[in-house]
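Structure file my_file_38.csv; described as CSV, C-alpha atoms (C1' of nucleotides).
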```csv
chain,number,residue,atom,x,y,z
O,5,MET,CA,16.6,4.4,171.5
O,6,ARG,CA,16.2,7.0,174.2
O,7,ARG,CA,18.4,5.7,176.9
O,8,ASP,CA,18.7,8.1,179.7
O,9,VAL,CA,18.8,7.7,183.5
O,10,PHE,CA,15.2,8.9,184.0
O,11,GLN,CA,13.8,6.4,181.6
O,12,ALA,CA,16.0,3.7,183.2
O,13,ILE,CA,14.6,4.1,186.7
O,14,ALA,CA,11.0,4.4,185.4
O,15,ASP,CA,10.7,0.6,185.5
O,16,PRO,CA,10.0,-0.9,189.0
O,17,THR,CA,12.0,-4.1,188.3
O,18,ARG,CA,15.0,-2.0,187.3
O,19,ARG,CA,14.7,0.1,190.5
O,20,ALA,CA,14.6,-3.2,192.4
O,21,ILE,CA,17.7,-4.4,190.6
O,22,ILE,CA,19.5,-1.2,191.4
O,23,LEU,CA,18.6,-1.5,195.1
O,24,LEU,CA,19.7,-5.2,195.1
O,25,ILE,CA,23.1,-4.7,193.7
O,26,ALA,CA,23.7,-1.4,195.6
O,27,SER,CA,25.5,-3.2,198.4
O,28,GLN,CA,26.9,-6.1,196.5
O,29,ALA,CA,27.8,-6.8,192.9
O,30,MET,CA,25.9,-9.8,191.5
O,31,THR,CA,25.7,-12.0,188.5
O,32,PRO,CA,22.6,-11.9,186.2
O,33,ASN,CA,21.6,-15.4,187.4
O,34,ALA,CA,21.8,-14.4,191.1
O,35,ILE,CA,19.8,-11.3,190.4
O,36,ALA,CA,17.1,-13.2,188.5
O,37,GLU,CA,16.6,-15.5,191.4
O,38,HIS,CA,15.1,-12.5,193.3
O,39,PHE,CA,12.4,-11.9,190.7
O,40,ASP,CA,9.4,-13.6,189.2
O,41,THR,CA,10.8,-13.2,185.7
O,42,SER,CA,13.2,-15.0,183.4
O,43,ARG,CA,16.9,-14.6,183.4
O,44,GLN,CA,16.7,-13.1,179.9
O,45,ALA,CA,14.3,-10.4,181.0
O,46,VAL,CA,16.7,-9.5,183.8
O,47,SER,CA,19.5,-9.5,181.2
O,48,LYS,CA,17.6,-7.0,179.1
O,49,HIS,CA,17.2,-4.8,182.1
O,50,LEU,CA,20.9,-5.0,182.8
O,51,ARG,CA,21.7,-4.0,179.3
O,52,ILE,CA,19.6,-0.9,179.6
O,53,LEU,CA,21.2,-0.1,182.9
O,54,THR,CA,24.6,-0.6,181.4
O,55,GLU,CA,23.9,1.5,178.4
O,56,CYS,CA,22.9,4.5,180.5
O,57,GLU,CA,25.9,3.8,182.8
O,58,LEU,CA,24.0,3.2,185.9
O,59,VAL,CA,25.6,-0.2,186.2
O,60,LYS,CA,29.1,-1.5,185.4
O,61,GLN,CA,30.3,-5.0,184.4
O,62,GLU,CA,33.2,-6.8,186.1
O,63,HIS,CA,34.1,-10.0,184.2
O,64,ASN,CA,35.4,-12.9,186.1
O,65,GLY,CA,35.8,-16.0,183.9
O,66,ARG,CA,32.4,-16.7,182.4
O,67,GLU,CA,30.6,-14.9,185.2
O,68,ILE,CA,29.8,-11.2,184.9
O,69,TYR,CA,29.3,-9.2,188.1
O,70,TYR,CA,27.1,-6.2,187.8
O,71,GLN,CA,27.9,-3.4,190.0
O,72,LEU,CA,26.0,-0.2,190.7
O,73,GLU,CA,27.6,3.0,189.3
O,74,ALA,CA,26.2,5.1,192.2
O,75,ASN,CA,27.9,8.3,190.9
O,76,LYS,CA,25.5,8.2,187.9
O,77,MET,CA,22.6,8.7,190.3
O,78,LYS,CA,23.9,12.1,191.1
O,79,GLN,CA,22.4,13.1,187.7
O,80,ILE,CA,19.0,12.5,189.1
O,81,ASP,CA,19.9,14.3,192.3
O,82,LYS,CA,21.1,17.3,190.4
O,83,TRP,CA,17.8,17.5,188.5
O,84,LEU,CA,15.9,17.3,191.8
O,85,GLU,CA,18.1,20.0,193.3
O,86,GLN,CA,16.3,22.6,191.3
O,87,PHE,CA,13.1,21.9,193.2
O,88,LYS,CA,14.5,21.4,196.6
O,89,LYS,CA,14.5,25.1,197.2
O,90,ILE,CA,10.8,25.1,196.5
O,91,TRP,CA,9.7,22.2,198.7
O,92,GLU,CA,12.1,23.2,201.5
O,93,SER,CA,10.9,26.8,201.7
O,94,ARG,CA,7.3,27.7,201.9
O,95,PHE,CA,7.6,29.3,198.5
O,96,ASN,CA,5.5,26.5,197.1
O,97,GLU,CA,2.6,27.3,199.5
O,98,LEU,CA,2.3,31.0,199.5
O,99,ASP,CA,4.5,33.0,197.2
O,100,LYS,CA,3.6,31.1,194.1
O,101,VAL,CA,0.0,31.8,194.6
O,102,LEU,CA,0.8,35.5,194.8
O,103,LEU,CA,2.9,35.2,191.6
O,104,THR,CA,0.0,33.5,189.9
O,105,LEU,CA,-2.4,36.3,191.0
O,106,LYS,CA,0.1,38.9,189.8
O,107,ASN,CA,0.3,37.0,186.5
O,108,LYS,CA,-3.5,37.0,186.1
O,109,LYS,CA,-3.7,40.8,186.3
O,110,LYS,CA,-1.6,41.1,183.1
Y,223,MET,CA,-2.2,2.2,183.8
Y,224,ARG,CA,1.0,2.4,185.8
Y,225,ARG,CA,1.0,5.9,187.0
Y,226,ASP,CA,3.8,6.6,189.5
Y,227,VAL,CA,6.2,9.5,189.9
Y,228,PHE,CA,9.1,7.7,188.3
Y,229,GLN,CA,7.2,6.9,185.2
Y,230,ALA,CA,6.0,10.4,185.0
Y,231,ILE,CA,9.4,12.0,185.0
Y,232,ALA,CA,10.7,9.5,182.5
Y,233,ASP,CA,9.4,11.7,179.6
Y,234,PRO,CA,11.6,14.7,178.7
Y,235,THR,CA,8.6,16.8,177.8
Y,236,ARG,CA,7.0,16.2,181.2
Y,237,ARG,CA,10.3,17.1,182.9
Y,238,ALA,CA,10.4,20.3,180.9
Y,239,ILE,CA,6.8,21.1,181.9
Y,240,ILE,CA,7.6,20.5,185.5
Y,241,LEU,CA,10.5,22.9,185.3
Y,242,LEU,CA,8.4,25.4,183.5
Y,243,ILE,CA,5.6,25.6,186.0
Y,244,ALA,CA,8.0,25.3,189.0
Y,245,SER,CA,8.2,29.0,189.5
Y,246,GLN,CA,4.8,30.0,188.2
Y,247,ALA,CA,1.5,28.3,187.7
Y,248,MET,CA,0.4,28.2,184.0
Y,249,THR,CA,-2.5,27.3,181.8
Y,250,PRO,CA,-2.2,24.5,179.3
Y,251,ASN,CA,-2.3,26.9,176.4
Y,252,ALA,CA,0.6,29.0,177.9
Y,253,ILE,CA,2.6,25.8,178.5
Y,254,ALA,CA,2.0,24.5,175.0
Y,255,GLU,CA,3.4,27.7,173.5
Y,256,HIS,CA,6.8,26.6,174.9
Y,257,PHE,CA,6.8,23.3,173.0
Y,258,ASP,CA,6.9,22.0,169.5
Y,259,THR,CA,3.8,20.0,170.2
Y,260,SER,CA,0.0,20.4,170.1
Y,261,ARG,CA,-2.0,21.7,173.0
Y,262,GLN,CA,-3.7,18.3,173.2
Y,263,ALA,CA,-0.4,16.5,173.7
Y,264,VAL,CA,0.5,18.9,176.5
Y,265,SER,CA,-3.0,18.3,178.0
Y,266,LYS,CA,-2.3,14.6,178.1
Y,267,HIS,CA,1.0,15.1,179.8
Y,268,LEU,CA,-0.8,17.3,182.4
Y,269,ARG,CA,-3.3,14.6,183.0
Y,270,ILE,CA,-0.5,12.1,183.7
Y,271,LEU,CA,1.2,14.6,186.0
Y,272,THR,CA,-2.1,15.3,187.8
Y,273,GLU,CA,-2.9,11.6,188.2
Y,274,CYS,CA,0.4,11.0,190.0
Y,275,GLU,CA,-0.1,14.2,192.0
Y,276,LEU,CA,3.0,16.0,190.7
Y,277,VAL,CA,0.8,18.8,189.6
Y,278,LYS,CA,-2.3,20.5,191.0
Y,279,GLN,CA,-5.1,22.3,189.2
Y,280,GLU,CA,-6.4,25.7,190.2
Y,281,HIS,CA,-9.6,26.6,188.4
Y,282,ASN,CA,-10.2,30.3,187.5
Y,283,GLY,CA,-13.3,30.7,185.3
Y,284,ARG,CA,-12.6,28.7,182.2
Y,285,GLU,CA,-8.9,28.8,182.7
Y,286,ILE,CA,-7.1,26.1,184.6
Y,287,TYR,CA,-3.8,27.0,186.2
Y,288,TYR,CA,-1.4,24.0,186.7
Y,289,GLN,CA,0.8,24.3,189.6
Y,290,LEU,CA,3.8,22.1,190.6
Y,291,GLU,CA,3.2,20.0,193.7
Y,292,ALA,CA,6.8,20.1,194.7
Y,293,ASN,CA,6.3,18.0,197.8
Y,294,LYS,CA,5.6,15.0,195.7
Y,295,MET,CA,9.1,15.2,194.4
Y,296,LYS,CA,10.4,14.3,197.8
Y,297,GLN,CA,9.3,10.8,196.9
Y,298,ILE,CA,12.1,10.6,194.3
Y,299,ASP,CA,14.5,12.2,196.7
Y,300,LYS,CA,13.7,9.7,199.3
Y,301,TRP,CA,14.4,6.9,196.9
Y,302,LEU,CA,17.7,8.5,196.0
Y,303,GLU,CA,18.6,8.9,199.7
Y,304,GLN,CA,19.3,5.2,199.9
Y,305,PHE,CA,22.2,5.6,197.5
Y,306,LYS,CA,23.6,8.9,198.7
Y,307,LYS,CA,25.6,7.2,201.4
Y,308,ILE,CA,27.2,5.1,198.7
Y,309,TRP,CA,28.2,7.9,196.3
Y,310,GLU,CA,29.2,10.2,199.1
Y,311,SER,CA,31.5,7.7,200.8
Y,312,ARG,CA,34.2,5.8,198.9
Y,313,PHE,CA,32.2,2.7,199.7
Y,314,ASN,CA,31.4,2.4,196.0
Y,315,GLU,CA,35.0,2.4,195.0
Y,316,LEU,CA,36.7,0.1,197.4
Y,317,ASP,CA,34.6,-1.6,199.9
Y,318,LYS,CA,32.2,-3.1,197.4
Y,319,VAL,CA,35.0,-4.7,195.5
Y,320,LEU,CA,36.1,-6.4,198.7
Y,321,LEU,CA,32.5,-7.5,199.4
Y,322,THR,CA,32.3,-8.9,195.9
Y,323,LEU,CA,35.6,-10.8,196.4
Y,324,LYS,CA,34.4,-12.1,199.7
Y,325,ASN,CA,31.2,-13.3,198.0
Y,326,LYS,CA,33.2,-15.1,195.3
Y,327,LYS,CA,34.9,-17.2,197.9
Y,328,LYS,CA,31.6,-18.7,199.0
I,47,DT,C1',36.4,-34.5,174.2
I,48,DA,C1',31.5,-34.3,175.6
I,49,DT,C1',28.5,-32.1,178.7
I,50,DT,C1',27.0,-28.6,181.7
I,51,DT,C1',26.8,-23.9,183.0
I,52,DG,C1',26.5,-18.7,182.6
I,53,DT,C1',25.7,-15.4,179.6
I,54,DG,C1',24.1,-12.3,175.6
I,55,DC,C1',21.4,-11.7,171.5
I,56,DA,C1',17.7,-12.0,167.9
I,57,DA,C1',13.0,-12.7,166.7
I,58,DC,C1',8.6,-12.3,168.0
I,59,DC,C1',4.2,-10.6,170.8
I,60,DA,C1',0.9,-8.1,173.5
I,61,DA,C1',0.6,-3.9,176.0
I,62,DT,C1',1.6,0.7,176.6
I,63,DC,C1',3.0,5.3,175.0
I,64,DA,C1',3.1,9.9,172.9
I,65,DG,C1',1.4,12.0,169.4
I,66,DT,C1',-2.4,13.5,166.1
I,67,DT,C1',-7.1,14.7,164.5
I,68,DT,C1',-11.8,15.4,165.7
I,69,DC,C1',-15.3,16.4,168.7
I,70,DA,C1',-17.9,18.1,173.1
I,71,DT,C1',-18.6,21.5,176.5
I,72,DA,C1',-18.5,25.5,179.1
I,73,DA,C1',-17.0,30.3,179.9
I,74,DA,C1',-16.1,34.8,177.8
I,75,DT,C1',-17.0,38.1,174.3
I,76,DT,C1',-19.5,40.3,170.5
Q,17,DA,C1',-28.2,34.8,170.8
Q,18,DA,C1',-24.1,33.8,168.1
Q,19,DT,C1',-19.2,33.5,168.1
Q,20,DT,C1',-14.9,32.9,170.0
Q,21,DT,C1',-11.8,30.9,173.4
Q,22,DA,C1',-9.9,27.5,176.8
Q,23,DT,C1',-10.1,23.1,177.8
Q,24,DG,C1',-10.7,17.9,178.2
Q,25,DA,C1',-11.8,13.4,176.1
Q,26,DA,C1',-12.2,9.9,172.6
Q,27,DA,C1',-10.5,7.4,168.6
Q,28,DC,C1',-6.8,6.3,166.0
Q,29,DT,C1',-1.7,5.5,164.7
Q,30,DG,C1',3.2,4.3,164.7
Q,31,DA,C1',6.9,3.6,167.9
Q,32,DT,C1',8.5,1.7,172.1
Q,33,DT,C1',8.3,-1.4,176.0
Q,34,DG,C1',8.8,-5.5,178.7
Q,35,DG,C1',8.3,-10.0,178.3
Q,36,DT,C1',8.9,-14.7,176.1
Q,37,DT,C1',11.2,-18.6,173.5
Q,38,DG,C1',15.0,-20.3,171.0
Q,39,DC,C1',19.7,-20.0,169.7
Q,40,DA,C1',24.9,-19.2,169.9
Q,41,DC,C1',29.1,-19.2,172.3
Q,42,DA,C1',32.6,-19.5,175.6
Q,43,DA,C1',34.2,-21.1,180.1
Q,44,DA,C1',34.0,-24.8,183.5
Q,45,DT,C1',33.6,-29.5,184.6
Q,46,DA,C1',33.1,-34.6,183.8
```
Have the structure of the file written as structure tokens, please.
Amino acid sequence: MRRDVFQAIADPTRRAIILLIASQAMTPNAIAEHFDTSRQAVSKHLRILTECELVKQEHNGREIYYQLEANKMKQIDKWLEQFKKIWESRFNELDKVLLTLKNKKK
Amino acid sequence: MRRDVFQAIADPTRRAIILLIASQAMTPNAIAEHFDTSRQAVSKHLRILTECELVKQEHNGREIYYQLEANKMKQIDKWLEQFKKIWESRFNELDKVLLTLKNKKK
DNA sequence: TATTTGTGCAACCAATCAGTTTCATAAATT
DNA sequence: AATTTATGAAACTGATTGGTTGCACAAATA
């Protein structure tokens, strides 16, 4: 079971759940009301999000509030960071072509 | 065929390919040498990356140089942006708990 | 105490995925 | 012209995915 953050956010429903609970913790039932899918399907998504620690449970009687663990998203941001230099500079446009040409000569 | 950026970066091999060609365009054969997998498997990954425009081809005779389309990564960054406010402030820690409590009273 | 409510979990299913093997094609080399 | 090289594409395979249905169980309510 490969359960990392990147795989977790690959599914559009899970991204929607993340966005939904970002501002307010919610129960599985409340979350499921926002989607065209069963409560159990949402529950499975929540389990995946919990396993990769993108989401945290807060028990309250028999209700379970799911809350976004926003810090975990930094992991994605950190990976993106490597490429920010590229898309922010014009390195991507010009310099890489030159590098490629240089490489071809070898 | 669900072919979006998020699904594309879900696979660890594809993330490694992205990182590999970030600084220098490469041919499929050259890329495959870096992995414990067949050239054809790499070729399939490149097709997926091309389809979601994370990667661009540059033909040169019979060789095809694959080049990172770093701009496309902004799409992921833009999605992350929504949550940056949360993990940068202490909103995540304190205020959301209050929001949740407020919600419970309803 | 009996029933309802909120939840997770297991079993199953069709679709998709990542990989392999095999083949086709076109460019470069002999 | 024949061979080698670089590549993509198709067919197949086992594993994984996202969904469903049905069940178990504990907390809340009647």
> Given the choices O:Ser27, O:Arg66, O:Phe39, O:Ile21, which gets closest to chain Y if the distance is worked out from all atoms listed in the file?
Replying inline: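 The closest residue to chain Y is O:Ser27.
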> For chain Y, which residues have at least one atom within 9 Å of chain O, if we go by only C-alpha atoms? Write them as a PyMOL selection string, please.
Replying inline: chain Y and resi 226-234+241+244-248+287+289-296+298-299+302+304-306+308-310+314+318-319+321-322+325
>> Using all atoms listed in the file, I'd like every residue of chain Q that has an atom within 12 Å of chain O; please write them out as an NGL selection string.
In response: :Q and (31-38 or 41-44)
Can I have chain Y aligned to chain O? Use a least-squares fit on all Cα atoms paired in order and write it out as a PDB file with C-alpha atoms, keeping the file's coordinate frame.
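Saved file part03.pdb follows:
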```
ATOM      1  CA  MET Y 223      16.450   4.233 171.517  1.00  0.00           C
ATOM      2  CA  ARG Y 224      16.052   6.837 174.226  1.00  0.00           C
ATOM      3  CA  ARG Y 225      18.342   5.628 176.869  1.00  0.00           C
ATOM      4  CA  ASP Y 226      18.735   8.122 179.733  1.00  0.00           C
ATOM      5  CA  VAL Y 227      18.813   7.700 183.494  1.00  0.00           C
ATOM      6  CA  PHE Y 228      15.254   8.838 183.989  1.00  0.00           C
ATOM      7  CA  GLN Y 229      13.876   6.356 181.580  1.00  0.00           C
ATOM      8  CA  ALA Y 230      15.894   3.673 183.148  1.00  0.00           C
ATOM      9  CA  ILE Y 231      14.568   4.147 186.633  1.00  0.00           C
ATOM     10  CA  ALA Y 232      11.028   4.403 185.372  1.00  0.00           C
ATOM     11  CA  ASP Y 233      10.685   0.556 185.505  1.00  0.00           C
ATOM     12  CA  PRO Y 234      10.017  -0.915 188.976  1.00  0.00           C
ATOM     13  CA  THR Y 235      12.020  -4.013 188.195  1.00  0.00           C
ATOM     14  CA  ARG Y 236      15.074  -1.954 187.240  1.00  0.00           C
ATOM     15  CA  ARG Y 237      14.699   0.073 190.456  1.00  0.00           C
ATOM     16  CA  ALA Y 238      14.579  -3.152 192.415  1.00  0.00           C
ATOM     17  CA  ILE Y 239      17.715  -4.413 190.633  1.00  0.00           C
ATOM     18  CA  ILE Y 240      19.503  -1.220 191.385  1.00  0.00           C
ATOM     19  CA  LEU Y 241      18.664  -1.561 195.044  1.00  0.00           C
ATOM     20  CA  LEU Y 242      19.679  -5.149 195.016  1.00  0.00           C
ATOM     21  CA  ILE Y 243      23.141  -4.682 193.630  1.00  0.00           C
ATOM     22  CA  ALA Y 244      23.700  -1.420 195.603  1.00  0.00           C
ATOM     23  CA  SER Y 245      25.469  -3.151 198.405  1.00  0.00           C
ATOM     24  CA  GLN Y 246      26.970  -6.051 196.512  1.00  0.00           C
ATOM     25  CA  ALA Y 247      27.847  -6.773 192.942  1.00  0.00           C
ATOM     26  CA  MET Y 248      25.874  -9.751 191.477  1.00  0.00           C
ATOM     27  CA  THR Y 249      25.666 -11.961 188.455  1.00  0.00           C
ATOM     28  CA  PRO Y 250      22.586 -11.944 186.288  1.00  0.00           C
ATOM     29  CA  ASN Y 251      21.623 -15.411 187.397  1.00  0.00           C
ATOM     30  CA  ALA Y 252      21.843 -14.391 191.136  1.00  0.00           C
ATOM     31  CA  ILE Y 253      19.760 -11.273 190.403  1.00  0.00           C
ATOM     32  CA  ALA Y 254      17.134 -13.203 188.484  1.00  0.00           C
ATOM     33  CA  GLU Y 255      16.601 -15.540 191.434  1.00  0.00           C
ATOM     34  CA  HIS Y 256      15.128 -12.512 193.275  1.00  0.00           C
ATOM     35  CA  PHE Y 257      12.433 -11.907 190.653  1.00  0.00           C
ATOM     36  CA  ASP Y 258       9.398 -13.547 189.222  1.00  0.00           C
ATOM     37  CA  THR Y 259      10.869 -13.174 185.787  1.00  0.00           C
ATOM     38  CA  SER Y 260      13.190 -15.052 183.400  1.00  0.00           C
ATOM     39  CA  ARG Y 261      16.920 -14.618 183.405  1.00  0.00           C
ATOM     40  CA  GLN Y 262      16.641 -13.195 179.886  1.00  0.00           C
ATOM     41  CA  ALA Y 263      14.309 -10.426 181.016  1.00  0.00           C
ATOM     42  CA  VAL Y 264      16.729  -9.504 183.792  1.00  0.00           C
ATOM     43  CA  SER Y 265      19.573  -9.557 181.190  1.00  0.00           C
ATOM     44  CA  LYS Y 266      17.695  -7.034 179.117  1.00  0.00           C
ATOM     45  CA  HIS Y 267      17.154  -4.773 182.054  1.00  0.00           C
ATOM     46  CA  LEU Y 268      20.932  -4.992 182.774  1.00  0.00           C
ATOM     47  CA  ARG Y 269      21.691  -4.030 179.253  1.00  0.00           C
ATOM     48  CA  ILE Y 270      19.500  -0.920 179.582  1.00  0.00           C
ATOM     49  CA  LEU Y 271      21.145  -0.073 182.899  1.00  0.00           C
ATOM     50  CA  THR Y 272      24.621  -0.594 181.393  1.00  0.00           C
ATOM     51  CA  GLU Y 273      23.830   1.516 178.326  1.00  0.00           C
ATOM     52  CA  CYS Y 274      22.902   4.490 180.514  1.00  0.00           C
ATOM     53  CA  GLU Y 275      25.917   3.807 182.735  1.00  0.00           C
ATOM     54  CA  LEU Y 276      23.945   3.132 185.928  1.00  0.00           C
ATOM     55  CA  VAL Y 277      25.631  -0.184 186.159  1.00  0.00           C
ATOM     56  CA  LYS Y 278      29.127  -1.486 185.421  1.00  0.00           C
ATOM     57  CA  GLN Y 279      30.261  -4.954 184.418  1.00  0.00           C
ATOM     58  CA  GLU Y 280      33.131  -6.783 186.050  1.00  0.00           C
ATOM     59  CA  HIS Y 281      34.125  -9.890 184.141  1.00  0.00           C
ATOM     60  CA  ASN Y 282      35.388 -12.930 186.148  1.00  0.00           C
ATOM     61  CA  GLY Y 283      35.837 -15.983 183.892  1.00  0.00           C
ATOM     62  CA  ARG Y 284      32.438 -16.685 182.459  1.00  0.00           C
ATOM     63  CA  GLU Y 285      30.662 -14.862 185.193  1.00  0.00           C
ATOM     64  CA  ILE Y 286      29.809 -11.213 184.889  1.00  0.00           C
ATOM     65  CA  TYR Y 287      29.365  -9.256 188.088  1.00  0.00           C
ATOM     66  CA  TYR Y 288      27.061  -6.158 187.755  1.00  0.00           C
ATOM     67  CA  GLN Y 289      27.917  -3.400 189.991  1.00  0.00           C
ATOM     68  CA  LEU Y 290      25.943  -0.173 190.719  1.00  0.00           C
ATOM     69  CA  GLU Y 291      27.579   2.969 189.365  1.00  0.00           C
ATOM     70  CA  ALA Y 292      26.209   5.099 192.113  1.00  0.00           C
ATOM     71  CA  ASN Y 293      27.787   8.282 190.829  1.00  0.00           C
ATOM     72  CA  LYS Y 294      25.488   8.281 187.894  1.00  0.00           C
ATOM     73  CA  MET Y 295      22.618   8.708 190.251  1.00  0.00           C
ATOM     74  CA  LYS Y 296      23.849  12.144 191.108  1.00  0.00           C
ATOM     75  CA  GLN Y 297      22.412  13.107 187.750  1.00  0.00           C
ATOM     76  CA  ILE Y 298      18.880  12.571 189.120  1.00  0.00           C
ATOM     77  CA  ASP Y 299      19.811  14.303 192.316  1.00  0.00           C
ATOM     78  CA  LYS Y 300      21.050  17.247 190.459  1.00  0.00           C
ATOM     79  CA  TRP Y 301      17.806  17.500 188.587  1.00  0.00           C
ATOM     80  CA  LEU Y 302      15.912  17.304 191.849  1.00  0.00           C
ATOM     81  CA  GLU Y 303      18.127  20.024 193.384  1.00  0.00           C
ATOM     82  CA  GLN Y 304      16.319  22.617 191.328  1.00  0.00           C
ATOM     83  CA  PHE Y 305      13.117  21.910 193.220  1.00  0.00           C
ATOM     84  CA  LYS Y 306      14.504  21.398 196.699  1.00  0.00           C
ATOM     85  CA  LYS Y 307      14.507  25.104 197.367  1.00  0.00           C
ATOM     86  CA  ILE Y 308      10.818  25.111 196.560  1.00  0.00           C
ATOM     87  CA  TRP Y 309       9.725  22.215 198.799  1.00  0.00           C
ATOM     88  CA  GLU Y 310      12.045  23.237 201.575  1.00  0.00           C
ATOM     89  CA  SER Y 311      10.843  26.837 201.725  1.00  0.00           C
ATOM     90  CA  ARG Y 312       7.150  27.742 201.960  1.00  0.00           C
ATOM     91  CA  PHE Y 313       7.589  29.284 198.542  1.00  0.00           C
ATOM     92  CA  ASN Y 314       5.357  26.547 197.147  1.00  0.00           C
ATOM     93  CA  GLU Y 315       2.554  27.341 199.486  1.00  0.00           C
ATOM     94  CA  LEU Y 316       2.274  31.064 199.476  1.00  0.00           C
ATOM     95  CA  ASP Y 317       4.537  32.932 197.253  1.00  0.00           C
ATOM     96  CA  LYS Y 318       3.578  31.071 194.110  1.00  0.00           C
ATOM     97  CA  VAL Y 319      -0.049  31.841 194.624  1.00  0.00           C
ATOM     98  CA  LEU Y 320       0.828  35.523 194.750  1.00  0.00           C
ATOM     99  CA  LEU Y 321       2.966  35.162 191.594  1.00  0.00           C
ATOM    100  CA  THR Y 322       0.064  33.457 189.884  1.00  0.00           C
ATOM    101  CA  LEU Y 323      -2.309  36.284 190.945  1.00  0.00           C
ATOM    102  CA  LYS Y 324       0.150  38.848 189.764  1.00  0.00           C
ATOM    103  CA  ASN Y 325       0.341  37.038 186.409  1.00  0.00           C
ATOM    104  CA  LYS Y 326      -3.457  37.036 186.090  1.00  0.00           C
ATOM    105  CA  LYS Y 327      -3.515  40.782 186.254  1.00  0.00           C
ATOM    106  CA  LYS Y 328      -1.441  41.059 183.096  1.00  0.00           C
TER     107      LYS Y 328
END
```
Output the contact residues of chain I with respect to chain O at a cut-off of 12 Å, based on all atoms listed in the file, as a short mmCIF file (atom, residue, chain, number, x, y, z; two decimals) with C-alpha atoms (C1' of nucleotides), in the frame of the given file.
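Generated file (part.cif):
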```cif
data_model
loop_
_atom_site.label_atom_id
_atom_site.label_comp_id
_atom_site.auth_asym_id
_atom_site.auth_seq_id
_atom_site.Cartn_x
_atom_site.Cartn_y
_atom_site.Cartn_z
"C1'" DT I 51 26.80 -23.90 183.00
"C1'" DG I 52 26.50 -18.70 182.60
"C1'" DT I 53 25.70 -15.40 179.60
"C1'" DG I 54 24.10 -12.30 175.60
"C1'" DC I 55 21.40 -11.70 171.50
#
```
>> Rounded to one decimal, what separation in Å do you get between atom CA of Ala254 of chain Y and atom C1' of DA61 of chain I?
In response: 28.5 Å
> atom C1' of DC39 of chain Q to atom CA of Cys56 of chain O: how many Å, to one decimal?
Replying inline: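 That distance, rounded to one decimal, is 27.0 Å.
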